[in-house]
$ cat start.pdb   # PDB, C-alpha atoms
ATOM      1  CA  MET A   1      23.651 -27.313 -32.642  1.00  0.00           C
ATOM      2  CA  ASN A   2      21.124 -24.482 -32.088  1.00  0.00           C
ATOM      3  CA  ALA A   3      22.499 -20.973 -32.064  1.00  0.00           C
ATOM      4  CA  VAL A   4      21.621 -18.946 -28.999  1.00  0.00           C
ATOM      5  CA  GLN A   5      19.950 -15.637 -29.796  1.00  0.00           C
ATOM      6  CA  PRO A   6      21.642 -12.740 -28.016  1.00  0.00           C
ATOM      7  CA  ILE A   7      18.238 -11.013 -27.673  1.00  0.00           C
ATOM      8  CA  PRO A   8      15.560 -13.544 -26.700  1.00  0.00           C
ATOM      9  CA  ASP A   9      12.325 -13.404 -28.717  1.00  0.00           C
ATOM     10  CA  ASP A  10      10.168 -13.205 -25.598  1.00  0.00           C
ATOM     11  CA  TYR A  11      11.939 -10.172 -24.056  1.00  0.00           C
ATOM     12  CA  PRO A  12      11.648  -6.543 -25.112  1.00  0.00           C
ATOM     13  CA  ARG A  13      14.825  -4.693 -25.933  1.00  0.00           C
ATOM     14  CA  VAL A  14      14.577  -2.480 -22.813  1.00  0.00           C
ATOM     15  CA  THR A  15      13.129  -3.753 -19.531  1.00  0.00           C
ATOM     16  CA  PRO A  16      12.882  -1.750 -16.304  1.00  0.00           C
ATOM     17  CA  TYR A  17      14.110  -3.538 -13.185  1.00  0.00           C
ATOM     18  CA  LEU A  18      12.521  -2.316  -9.953  1.00  0.00           C
ATOM     19  CA  HIS A  19      14.138  -2.966  -6.584  1.00  0.00           C
ATOM     20  CA  VAL A  20      11.902  -2.659  -3.550  1.00  0.00           C
ATOM     21  CA  VAL A  21      11.838  -3.544   0.112  1.00  0.00           C
ATOM     22  CA  GLY A  22       9.036  -6.114   0.219  1.00  0.00           C
ATOM     23  CA  ALA A  23       8.917  -7.393  -3.353  1.00  0.00           C
ATOM     24  CA  ALA A  24       6.227 -10.010  -2.695  1.00  0.00           C
ATOM     25  CA  ASP A  25       3.840  -7.267  -1.539  1.00  0.00           C
ATOM     26  CA  ALA A  26       4.863  -5.026  -4.450  1.00  0.00           C
ATOM     27  CA  LEU A  27       4.091  -7.813  -6.931  1.00  0.00           C
ATOM     28  CA  GLU A  28       0.627  -8.148  -5.409  1.00  0.00           C
ATOM     29  CA  PHE A  29       0.128  -4.353  -5.626  1.00  0.00           C
ATOM     30  CA  TYR A  30       1.070  -4.352  -9.323  1.00  0.00           C
ATOM     31  CA  ARG A  31      -1.265  -7.285  -9.925  1.00  0.00           C
ATOM     32  CA  ASN A  32      -4.179  -5.513  -8.209  1.00  0.00           C
ATOM     33  CA  VAL A  33      -3.592  -2.029  -9.656  1.00  0.00           C
ATOM     34  CA  PHE A  34      -2.399  -2.772 -13.200  1.00  0.00           C
ATOM     35  CA  GLY A  35      -3.695  -6.304 -13.761  1.00  0.00           C
ATOM     36  CA  ALA A  36      -0.068  -7.440 -13.991  1.00  0.00           C
ATOM     37  CA  THR A  37       0.552 -11.123 -14.479  1.00  0.00           C
ATOM     38  CA  GLU A  38       3.638 -12.829 -13.149  1.00  0.00           C
ATOM     39  CA  ARG A  39       5.485 -14.789 -15.775  1.00  0.00           C
ATOM     40  CA  GLY A  40       7.972 -17.555 -15.281  1.00  0.00           C
ATOM     41  CA  GLY A  41       9.110 -18.842 -11.960  1.00  0.00           C
ATOM     42  CA  ARG A  42       9.707 -16.438  -9.133  1.00  0.00           C
ATOM     43  CA  MET A  43      13.177 -16.945  -7.649  1.00  0.00           C
ATOM     44  CA  GLU A  44      13.133 -16.677  -3.881  1.00  0.00           C
ATOM     45  CA  GLY A  45      16.014 -16.675  -1.457  1.00  0.00           C
ATOM     46  CA  PRO A  46      16.108 -18.979   1.576  1.00  0.00           C
ATOM     47  CA  ASP A  47      14.772 -16.127   3.737  1.00  0.00           C
ATOM     48  CA  GLY A  48      11.759 -15.583   1.451  1.00  0.00           C
ATOM     49  CA  THR A  49      13.107 -12.498  -0.298  1.00  0.00           C
ATOM     50  CA  VAL A  50      12.334 -12.213  -3.975  1.00  0.00           C
ATOM     51  CA  MET A  51      15.612 -12.472  -5.824  1.00  0.00           C
ATOM     52  CA  HIS A  52      13.932 -12.113  -9.229  1.00  0.00           C
ATOM     53  CA  ALA A  53      10.416 -11.972 -10.630  1.00  0.00           C
ATOM     54  CA  GLU A  54       8.956 -10.836 -13.927  1.00  0.00           C
ATOM     55  CA  ILE A  55       5.565  -9.256 -14.497  1.00  0.00           C
ATOM     56  CA  GLU A  56       3.744  -8.327 -17.656  1.00  0.00           C
ATOM     57  CA  ILE A  57       1.501  -5.303 -17.906  1.00  0.00           C
ATOM     58  CA  GLY A  58      -0.123  -5.595 -21.291  1.00  0.00           C
ATOM     59  CA  SER A  59       2.734  -6.312 -23.690  1.00  0.00           C
ATOM     60  CA  SER A  60       5.343  -4.737 -21.392  1.00  0.00           C
ATOM     61  CA  LEU A  61       7.729  -6.526 -19.080  1.00  0.00           C
ATOM     62  CA  ILE A  62       9.051  -5.321 -15.728  1.00  0.00           C
ATOM     63  CA  MET A  63      11.497  -7.202 -13.533  1.00  0.00           C
ATOM     64  CA  VAL A  64      11.106  -6.891  -9.762  1.00  0.00           C
ATOM     65  CA  ALA A  65      13.306  -7.941  -6.865  1.00  0.00           C
ATOM     66  CA  ASP A  66      13.932  -7.094  -3.270  1.00  0.00           C
ATOM     67  CA  GLU A  67      16.680  -4.670  -2.381  1.00  0.00           C
ATOM     68  CA  PHE A  68      20.119  -6.296  -2.109  1.00  0.00           C
ATOM     69  CA  PRO A  69      22.615  -3.708  -0.791  1.00  0.00           C
ATOM     70  CA  ASP A  70      25.540  -6.133  -0.997  1.00  0.00           C
ATOM     71  CA  MET A  71      24.930  -6.237  -4.775  1.00  0.00           C
ATOM     72  CA  ASP A  72      24.408  -2.446  -5.069  1.00  0.00           C
ATOM     73  CA  ALA A  73      20.711  -3.050  -5.779  1.00  0.00           C
ATOM     74  CA  TYR A  74      18.809  -0.436  -3.788  1.00  0.00           C
ATOM     75  CA  ALA A  75      15.185   0.595  -3.487  1.00  0.00           C
ATOM     76  CA  PRO A  76      14.287   4.294  -3.941  1.00  0.00           C
ATOM     77  CA  GLY A  77      14.197   4.882  -0.174  1.00  0.00           C
ATOM     78  CA  HIS A  78      17.949   4.344   0.022  1.00  0.00           C
ATOM     79  CA  PHE A  79      18.381   7.501  -2.067  1.00  0.00           C
ATOM     80  CA  GLY A  80      15.527   9.500  -0.566  1.00  0.00           C
ATOM     81  CA  GLY A  81      13.337   8.955  -3.643  1.00  0.00           C
ATOM     82  CA  THR A  82      13.601   8.117  -7.302  1.00  0.00           C
ATOM     83  CA  PRO A  83      14.496  10.298 -10.297  1.00  0.00           C
ATOM     84  CA  VAL A  84      12.842   7.750 -12.611  1.00  0.00           C
ATOM     85  CA  SER A  85       9.163   7.411 -13.440  1.00  0.00           C
ATOM     86  CA  ILE A  86       7.245   4.770 -15.336  1.00  0.00           C
ATOM     87  CA  HIS A  87       4.478   5.713 -17.766  1.00  0.00           C
ATOM     88  CA  VAL A  88       1.658   3.201 -18.290  1.00  0.00           C
ATOM     89  CA  TYR A  89      -1.214   3.576 -20.733  1.00  0.00           C
ATOM     90  CA  VAL A  90      -4.367   2.105 -19.212  1.00  0.00           C
ATOM     91  CA  GLU A  91      -7.993   1.789 -20.294  1.00  0.00           C
ATOM     92  CA  ASP A  92      -9.255   4.054 -17.495  1.00  0.00           C
ATOM     93  CA  ALA A  93      -6.778   6.412 -15.837  1.00  0.00           C
ATOM     94  CA  GLU A  94      -9.234   7.412 -13.086  1.00  0.00           C
ATOM     95  CA  ALA A  95     -10.027   3.828 -12.107  1.00  0.00           C
ATOM     96  CA  THR A  96      -6.373   2.767 -12.113  1.00  0.00           C
ATOM     97  CA  PHE A  97      -5.357   5.855 -10.149  1.00  0.00           C
ATOM     98  CA  ALA A  98      -8.124   5.235  -7.582  1.00  0.00           C
ATOM     99  CA  ALA A  99      -7.105   1.566  -7.266  1.00  0.00           C
ATOM    100  CA  ALA A 100      -3.502   2.603  -6.640  1.00  0.00           C
ATOM    101  CA  LEU A 101      -4.499   5.072  -3.917  1.00  0.00           C
ATOM    102  CA  ALA A 102      -6.811   2.501  -2.318  1.00  0.00           C
ATOM    103  CA  ALA A 103      -3.905   0.036  -2.279  1.00  0.00           C
ATOM    104  CA  GLY A 104      -1.599   2.466  -0.468  1.00  0.00           C
ATOM    105  CA  ALA A 105      -0.102   4.701  -3.165  1.00  0.00           C
ATOM    106  CA  THR A 106       0.356   8.447  -2.628  1.00  0.00           C
ATOM    107  CA  SER A 107      -1.049  10.951  -5.109  1.00  0.00           C
ATOM    108  CA  LEU A 108       1.555  13.231  -6.678  1.00  0.00           C
ATOM    109  CA  ASN A 109      -0.730  14.748  -9.353  1.00  0.00           C
ATOM    110  CA  ASP A 110      -4.441  14.036  -9.676  1.00  0.00           C
ATOM    111  CA  VAL A 111      -5.765  12.754 -12.992  1.00  0.00           C
ATOM    112  CA  ALA A 112      -6.369  15.631 -15.402  1.00  0.00           C
ATOM    113  CA  ASP A 113      -6.564  16.360 -19.117  1.00  0.00           C
ATOM    114  CA  GLN A 114      -3.303  17.450 -20.708  1.00  0.00           C
ATOM    115  CA  PHE A 115      -2.665  19.597 -23.807  1.00  0.00           C
ATOM    116  CA  TYR A 116      -1.226  16.610 -25.693  1.00  0.00           C
ATOM    117  CA  GLY A 117      -4.456  14.598 -25.560  1.00  0.00           C
ATOM    118  CA  ASP A 118      -3.987  12.337 -22.530  1.00  0.00           C
ATOM    119  CA  ARG A 119      -5.733  12.177 -19.158  1.00  0.00           C
ATOM    120  CA  ILE A 120      -2.923  11.455 -16.759  1.00  0.00           C
ATOM    121  CA  GLY A 121      -2.314  11.146 -13.041  1.00  0.00           C
ATOM    122  CA  THR A 122       0.889  10.466 -11.120  1.00  0.00           C
ATOM    123  CA  PHE A 123       1.345   8.478  -7.928  1.00  0.00           C
ATOM    124  CA  LYS A 124       4.154   7.072  -5.833  1.00  0.00           C
ATOM    125  CA  ASP A 125       3.707   3.413  -4.967  1.00  0.00           C
ATOM    126  CA  PRO A 126       4.315   2.259  -1.376  1.00  0.00           C
ATOM    127  CA  TRP A 127       7.882   1.239  -2.363  1.00  0.00           C
ATOM    128  CA  GLY A 128       8.878   4.662  -3.669  1.00  0.00           C
ATOM    129  CA  HIS A 129       8.503   4.187  -7.422  1.00  0.00           C
ATOM    130  CA  LYS A 130       6.733   6.936  -9.383  1.00  0.00           C
ATOM    131  CA  TRP A 131       4.057   5.943 -11.918  1.00  0.00           C
ATOM    132  CA  HIS A 132       2.145   7.961 -14.514  1.00  0.00           C
ATOM    133  CA  VAL A 133      -1.169   6.356 -15.515  1.00  0.00           C
ATOM    134  CA  SER A 134      -2.584   7.711 -18.714  1.00  0.00           C
ATOM    135  CA  SER A 135      -5.464   7.228 -21.115  1.00  0.00           C
ATOM    136  CA  ARG A 136      -5.527   8.854 -24.546  1.00  0.00           C
ATOM    137  CA  VAL A 137      -8.727  10.893 -24.845  1.00  0.00           C
ATOM    138  CA  GLU A 138      -7.966  13.011 -27.911  1.00  0.00           C
ATOM    139  CA  GLU A 139      -5.743  12.691 -30.963  1.00  0.00           C
ATOM    140  CA  VAL A 140      -3.779  15.942 -31.231  1.00  0.00           C
ATOM    141  CA  SER A 141      -1.655  16.890 -34.240  1.00  0.00           C
ATOM    142  CA  GLU A 142       1.914  18.053 -33.654  1.00  0.00           C
ATOM    143  CA  GLU A 143       0.990  21.529 -34.838  1.00  0.00           C
ATOM    144  CA  GLU A 144      -1.955  21.761 -32.435  1.00  0.00           C
ATOM    145  CA  MET A 145       0.169  20.327 -29.614  1.00  0.00           C
ATOM    146  CA  ARG A 146       2.770  23.072 -30.140  1.00  0.00           C
ATOM    147  CA  LYS A 147       0.043  25.742 -30.069  1.00  0.00           C
ATOM    148  CA  ARG A 148      -1.447  24.342 -26.875  1.00  0.00           C
ATOM    149  CA  MET A 149       1.948  24.037 -25.204  1.00  0.00           C
ATOM    150  CA  ALA A 150       2.797  27.657 -26.102  1.00  0.00           C
ATOM    151  CA  ALA A 151      -0.556  28.848 -24.761  1.00  0.00           C
ATOM    152  CA  GLN A 152      -0.028  26.900 -21.532  1.00  0.00           C
ATOM    153  CA  GLN A 153       3.453  28.371 -21.063  1.00  0.00           C
ATOM    154  CA  GLN A 154       2.073  31.910 -21.493  1.00  0.00           C
ATOM    155  CA  SER A 155      -0.601  31.457 -18.852  1.00  0.00           C
TER     156      SER A 155
END
$ encode --input "start.pdb" --output "structure tokens"
Amino acid sequence: MNAVQPIPDDYPRVTPYLHVVGAADALEFYRNVFGATERGGRMEGPDGTVMHAEIEIGSSLIMVADEFPDMDAYAPGHFGGTPVSIHVYVEDAEATFAAALAAGATSLNDVADQFYGDRIGTFKDPWGHKWHVSSRVEEVSEEEMRKRMAAQQQS
């Protein structure tokens, strides 16, 4: 008899699970903006709602489903927004940010260089989730990062 592994080999230890109103459209948005690929079979309810789907962005996994209030699974709009954000490293922060805005996202912070060596921009997707898209543009030592952070706080 084969032993079942409590942590499957093909799943990361921590996986975000996003609930949205309109999961099929959200999956398409993530495909277009991040190049996400859907893995496995999408589970749909009889009414066409997405009960469960999994997407990969690079080597990361995100689970996505429609909102199901009877299961206490709510989209950010239920709470008036989200306190959680998702950070994604991408090849080109500007291009990804522009693609997100073109696909209906709202800019929260334009793409800009940061003291820690990343170019980063923040947007809210049409379903209320907050995303940071970032590209590393400079390797910064911890010592230099502390100096830059202190200088930024003084200005």
$ atom_distance --input "start.pdb" --atom1 "CA of Pro6 (chain A)" --atom2 "CA of Glu56 (chain A)"
21.1 Å
$ residues_near_point --input "start.pdb" --point "(12.2, -12.6, 0.3)" --cutoff "10 Å" --atoms "all atoms listed in the file" --output "number ranges by chain"
A: 21-24, 43-52, 65-67
$ residues_near_point --input "start.pdb" --point "(2.4, -14.1, -14.9)" --cutoff "8 Å" --atoms "only C-alpha atoms" --output "short mmCIF file (atom, residue, chain, number, x, y, z; two decimals) with C-alpha atoms, in the frame of the given file"
data_model
loop_
_atom_site.label_atom_id
_atom_site.label_comp_id
_atom_site.auth_asym_id
_atom_site.auth_seq_id
_atom_site.Cartn_x
_atom_site.Cartn_y
_atom_site.Cartn_z
CA ALA A 36 -0.07 -7.44 -13.99
CA THR A 37 0.55 -11.12 -14.48
CA GLU A 38 3.64 -12.83 -13.15
CA ARG A 39 5.48 -14.79 -15.78
CA GLY A 40 7.97 -17.56 -15.28
CA GLU A 54 8.96 -10.84 -13.93
CA ILE A 55 5.56 -9.26 -14.50
CA GLU A 56 3.74 -8.33 -17.66
#
$ residues_around --input "start.pdb" --residues "region 92-105 of chain A" --least-positions-apart "4" --cutoff "8 Å" --atoms "all atoms listed in the file" --output "VMD selection string"
chain A and resid 29 32 to 34 111 119 to 126 133 to 135
$ atom_distance --input "start.pdb" --atom1 "CA of Tyr30 (chain A)" --atom2 "CA of Glu91 (chain A)"
15.5 Å
$ resolve_selection --input "start.pdb" --expression "the PyMOL selection byres ((chain A and resi 116) around 8)" --output "list in words"
Gln114, Phe115, Gly117, Asp118, Glu138, Glu139, Val140, Met145 and Arg148 of chain A
$ write_last_selection --input "start.pdb" --atoms "C-alpha atoms" --output "PDB file, in the coordinates of the input"
ATOM      1  CA  GLN A 114      -3.303  17.450 -20.708  1.00  0.00           C
ATOM      2  CA  PHE A 115      -2.665  19.597 -23.807  1.00  0.00           C
ATOM      3  CA  GLY A 117      -4.456  14.598 -25.560  1.00  0.00           C
ATOM      4  CA  ASP A 118      -3.987  12.337 -22.530  1.00  0.00           C
ATOM      5  CA  GLU A 138      -7.966  13.011 -27.911  1.00  0.00           C
ATOM      6  CA  GLU A 139      -5.743  12.691 -30.963  1.00  0.00           C
ATOM      7  CA  VAL A 140      -3.779  15.942 -31.231  1.00  0.00           C
ATOM      8  CA  MET A 145       0.169  20.327 -29.614  1.00  0.00           C
ATOM      9  CA  ARG A 148      -1.447  24.342 -26.875  1.00  0.00           C
TER      10      ARG A 148
END
$ atom_distance --input "start.pdb" --atom1 "CA of Val64 (chain A)" --atom2 "CA of Pro12 (chain A)"
15.4 Å
$ closest_residue --input "start.pdb" --among "A:Ala151, A:Val14, A:Val20, A:Ile86" --to "Trp127 (chain A)" --atoms "all atoms listed in the file"
A:Val20
$ residues_around --input "start.pdb" --residues "region 77-84 of chain A" --least-positions-apart "3" --cutoff "7 Å" --atoms "all atoms listed in the file" --output "list of chain:residue names"
A:Tyr74, A:Gly128, A:His129, A:Lys130
$ closest_residue --input "start.pdb" --among "A:Tyr11, A:Tyr17, A:Trp131, A:Phe68" --to "Thr106 (chain A)" --atoms "only C-alpha atoms"
A:Trp131
$ decode --input "start.pdb" --residues "region 99-139 of chain A" --atoms "N, CA and C atoms" --output "PDB file, in the first residue's frame"
ATOM      1  N   ALA A  99      -0.639  46.456 -18.516  1.00  0.00           N
ATOM      2  CA  ALA A  99      -1.594  45.415 -18.942  1.00  0.00           C
ATOM      3  C   ALA A  99      -2.733  45.292 -17.950  1.00  0.00           C
ATOM      4  N   ALA A 100      -2.418  45.388 -16.664  1.00  0.00           N
ATOM      5  CA  ALA A 100      -3.463  45.298 -15.634  1.00  0.00           C
ATOM      6  C   ALA A 100      -4.436  46.471 -15.753  1.00  0.00           C
ATOM      7  N   LEU A 101      -3.920  47.677 -15.923  1.00  0.00           N
ATOM      8  CA  LEU A 101      -4.794  48.842 -16.057  1.00  0.00           C
ATOM      9  C   LEU A 101      -5.645  48.743 -17.317  1.00  0.00           C
ATOM     10  N   ALA A 102      -5.042  48.283 -18.413  1.00  0.00           N
ATOM     11  CA  ALA A 102      -5.786  48.126 -19.665  1.00  0.00           C
ATOM     12  C   ALA A 102      -6.893  47.088 -19.532  1.00  0.00           C
ATOM     13  N   ALA A 103      -6.700  46.125 -18.644  1.00  0.00           N
ATOM     14  CA  ALA A 103      -7.683  45.054 -18.446  1.00  0.00           C
ATOM     15  C   ALA A 103      -8.704  45.402 -17.368  1.00  0.00           C
ATOM     16  N   GLY A 104      -8.653  46.619 -16.833  1.00  0.00           N
ATOM     17  CA  GLY A 104      -9.677  47.048 -15.886  1.00  0.00           C
ATOM     18  C   GLY A 104      -9.238  47.253 -14.453  1.00  0.00           C
ATOM     19  N   ALA A 105      -7.950  47.084 -14.160  1.00  0.00           N
ATOM     20  CA  ALA A 105      -7.458  47.313 -12.801  1.00  0.00           C
ATOM     21  C   ALA A 105      -7.402  48.813 -12.511  1.00  0.00           C
ATOM     22  N   THR A 106      -7.324  49.152 -11.232  1.00  0.00           N
ATOM     23  CA  THR A 106      -7.224  50.536 -10.780  1.00  0.00           C
ATOM     24  C   THR A 106      -5.853  50.759 -10.162  1.00  0.00           C
ATOM     25  N   SER A 107      -5.171  51.805 -10.583  1.00  0.00           N
ATOM     26  CA  SER A 107      -3.857  52.122 -10.036  1.00  0.00           C
ATOM     27  C   SER A 107      -3.989  52.601  -8.597  1.00  0.00           C
ATOM     28  N   LEU A 108      -3.181  52.034  -7.717  1.00  0.00           N
ATOM     29  CA  LEU A 108      -3.089  52.503  -6.334  1.00  0.00           C
ATOM     30  C   LEU A 108      -1.787  53.269  -6.125  1.00  0.00           C
ATOM     31  N   ASN A 109      -0.706  52.805  -6.736  1.00  0.00           N
ATOM     32  CA  ASN A 109       0.593  53.481  -6.739  1.00  0.00           C
ATOM     33  C   ASN A 109       1.268  53.185  -8.067  1.00  0.00           C
ATOM     34  N   ASP A 110       1.640  54.225  -8.791  1.00  0.00           N
ATOM     35  CA  ASP A 110       2.325  54.034 -10.066  1.00  0.00           C
ATOM     36  C   ASP A 110       3.668  53.341  -9.848  1.00  0.00           C
ATOM     37  N   VAL A 111       4.178  52.732 -10.891  1.00  0.00           N
ATOM     38  CA  VAL A 111       5.470  52.054 -10.831  1.00  0.00           C
ATOM     39  C   VAL A 111       6.563  53.085 -10.585  1.00  0.00           C
ATOM     40  N   ALA A 112       7.412  52.798  -9.604  1.00  0.00           N
ATOM     41  CA  ALA A 112       8.514  53.706  -9.264  1.00  0.00           C
ATOM     42  C   ALA A 112       9.639  52.918  -8.611  1.00  0.00           C
ATOM     43  N   ASP A 113      10.845  53.468  -8.689  1.00  0.00           N
ATOM     44  CA  ASP A 113      11.994  52.870  -8.014  1.00  0.00           C
ATOM     45  C   ASP A 113      11.839  53.026  -6.506  1.00  0.00           C
ATOM     46  N   GLN A 114      12.270  51.994  -5.786  1.00  0.00           N
ATOM     47  CA  GLN A 114      12.207  52.009  -4.330  1.00  0.00           C
ATOM     48  C   GLN A 114      13.616  51.871  -3.759  1.00  0.00           C
ATOM     49  N   PHE A 115      13.807  52.321  -2.527  1.00  0.00           N
ATOM     50  CA  PHE A 115      15.129  52.333  -1.886  1.00  0.00           C
ATOM     51  C   PHE A 115      15.730  50.942  -1.760  1.00  0.00           C
ATOM     52  N   TYR A 116      14.919  49.907  -1.783  1.00  0.00           N
ATOM     53  CA  TYR A 116      15.417  48.541  -1.584  1.00  0.00           C
ATOM     54  C   TYR A 116      15.795  47.836  -2.879  1.00  0.00           C
ATOM     55  N   GLY A 117      15.723  48.563  -4.011  1.00  0.00           N
ATOM     56  CA  GLY A 117      16.230  48.016  -5.266  1.00  0.00           C
ATOM     57  C   GLY A 117      15.196  47.491  -6.236  1.00  0.00           C
ATOM     58  N   ASP A 118      13.923  47.644  -5.929  1.00  0.00           N
ATOM     59  CA  ASP A 118      12.857  47.185  -6.827  1.00  0.00           C
ATOM     60  C   ASP A 118      12.167  48.372  -7.485  1.00  0.00           C
ATOM     61  N   ARG A 119      11.647  48.141  -8.689  1.00  0.00           N
ATOM     62  CA  ARG A 119      10.660  49.034  -9.317  1.00  0.00           C
ATOM     63  C   ARG A 119       9.336  48.354  -9.069  1.00  0.00           C
ATOM     64  N   ILE A 120       8.418  49.069  -8.451  1.00  0.00           N
ATOM     65  CA  ILE A 120       7.179  48.431  -8.017  1.00  0.00           C
ATOM     66  C   ILE A 120       5.997  49.363  -8.228  1.00  0.00           C
ATOM     67  N   GLY A 121       4.881  48.769  -8.616  1.00  0.00           N
ATOM     68  CA  GLY A 121       3.616  49.480  -8.724  1.00  0.00           C
ATOM     69  C   GLY A 121       2.528  48.633  -8.083  1.00  0.00           C
ATOM     70  N   THR A 122       1.474  49.288  -7.626  1.00  0.00           N
ATOM     71  CA  THR A 122       0.387  48.583  -6.941  1.00  0.00           C
ATOM     72  C   THR A 122      -0.928  48.906  -7.616  1.00  0.00           C
ATOM     73  N   PHE A 123      -1.723  47.861  -7.857  1.00  0.00           N
ATOM     74  CA  PHE A 123      -3.056  48.052  -8.429  1.00  0.00           C
ATOM     75  C   PHE A 123      -4.063  47.166  -7.712  1.00  0.00           C
ATOM     76  N   LYS A 124      -5.329  47.566  -7.862  1.00  0.00           N
ATOM     77  CA  LYS A 124      -6.438  46.749  -7.371  1.00  0.00           C
ATOM     78  C   LYS A 124      -7.093  46.133  -8.592  1.00  0.00           C
ATOM     79  N   ASP A 125      -7.232  44.817  -8.598  1.00  0.00           N
ATOM     80  CA  ASP A 125      -7.872  44.169  -9.743  1.00  0.00           C
ATOM     81  C   ASP A 125      -9.386  44.441  -9.698  1.00  0.00           C
ATOM     82  N   PRO A 126     -10.086  44.155 -10.789  1.00  0.00           N
ATOM     83  CA  PRO A 126     -11.527  44.453 -10.818  1.00  0.00           C
ATOM     84  C   PRO A 126     -12.356  43.700  -9.772  1.00  0.00           C
ATOM     85  N   TRP A 127     -11.768  42.733  -9.079  1.00  0.00           N
ATOM     86  CA  TRP A 127     -12.478  41.952  -8.065  1.00  0.00           C
ATOM     87  C   TRP A 127     -12.101  42.360  -6.648  1.00  0.00           C
ATOM     88  N   GLY A 128     -11.276  43.402  -6.524  1.00  0.00           N
ATOM     89  CA  GLY A 128     -10.959  43.962  -5.225  1.00  0.00           C
ATOM     90  C   GLY A 128      -9.676  43.479  -4.579  1.00  0.00           C
ATOM     91  N   HIS A 129      -8.920  42.626  -5.257  1.00  0.00           N
ATOM     92  CA  HIS A 129      -7.657  42.157  -4.690  1.00  0.00           C
ATOM     93  C   HIS A 129      -6.530  43.119  -5.054  1.00  0.00           C
ATOM     94  N   LYS A 130      -5.627  43.346  -4.104  1.00  0.00           N
ATOM     95  CA  LYS A 130      -4.523  44.288  -4.280  1.00  0.00           C
ATOM     96  C   LYS A 130      -3.251  43.525  -4.651  1.00  0.00           C
ATOM     97  N   TRP A 131      -2.596  43.984  -5.722  1.00  0.00           N
ATOM     98  CA  TRP A 131      -1.394  43.340  -6.252  1.00  0.00           C
ATOM     99  C   TRP A 131      -0.244  44.341  -6.324  1.00  0.00           C
ATOM    100  N   HIS A 132       0.949  43.892  -5.914  1.00  0.00           N
ATOM    101  CA  HIS A 132       2.176  44.645  -6.129  1.00  0.00           C
ATOM    102  C   HIS A 132       2.929  43.916  -7.237  1.00  0.00           C
ATOM    103  N   VAL A 133       3.282  44.627  -8.307  1.00  0.00           N
ATOM    104  CA  VAL A 133       4.108  44.028  -9.362  1.00  0.00           C
ATOM    105  C   VAL A 133       5.474  44.695  -9.292  1.00  0.00           C
ATOM    106  N   SER A 134       6.490  43.869  -9.284  1.00  0.00           N
ATOM    107  CA  SER A 134       7.824  44.354  -8.971  1.00  0.00           C
ATOM    108  C   SER A 134       8.870  43.691  -9.851  1.00  0.00           C
ATOM    109  N   SER A 135       9.872  44.483 -10.215  1.00  0.00           N
ATOM    110  CA  SER A 135      11.050  43.962 -10.906  1.00  0.00           C
ATOM    111  C   SER A 135      12.275  44.460 -10.154  1.00  0.00           C
ATOM    112  N   ARG A 136      13.192  43.561  -9.861  1.00  0.00           N
ATOM    113  CA  ARG A 136      14.440  43.953  -9.197  1.00  0.00           C
ATOM    114  C   ARG A 136      15.295  44.680 -10.233  1.00  0.00           C
ATOM    115  N   VAL A 137      15.758  45.875  -9.877  1.00  0.00           N
ATOM    116  CA  VAL A 137      16.589  46.660 -10.790  1.00  0.00           C
ATOM    117  C   VAL A 137      17.967  46.937 -10.206  1.00  0.00           C
ATOM    118  N   GLU A 138      18.144  46.668  -8.918  1.00  0.00           N
ATOM    119  CA  GLU A 138      19.423  46.931  -8.266  1.00  0.00           C
ATOM    120  C   GLU A 138      19.557  46.013  -7.060  1.00  0.00           C
ATOM    121  N   GLU A 139      20.731  45.418  -6.910  1.00  0.00           N
ATOM    122  CA  GLU A 139      21.018  44.643  -5.702  1.00  0.00           C
ATOM    123  C   GLU A 139      21.518  45.612  -4.642  1.00  0.00           C
TER     124      GLU A 139
END
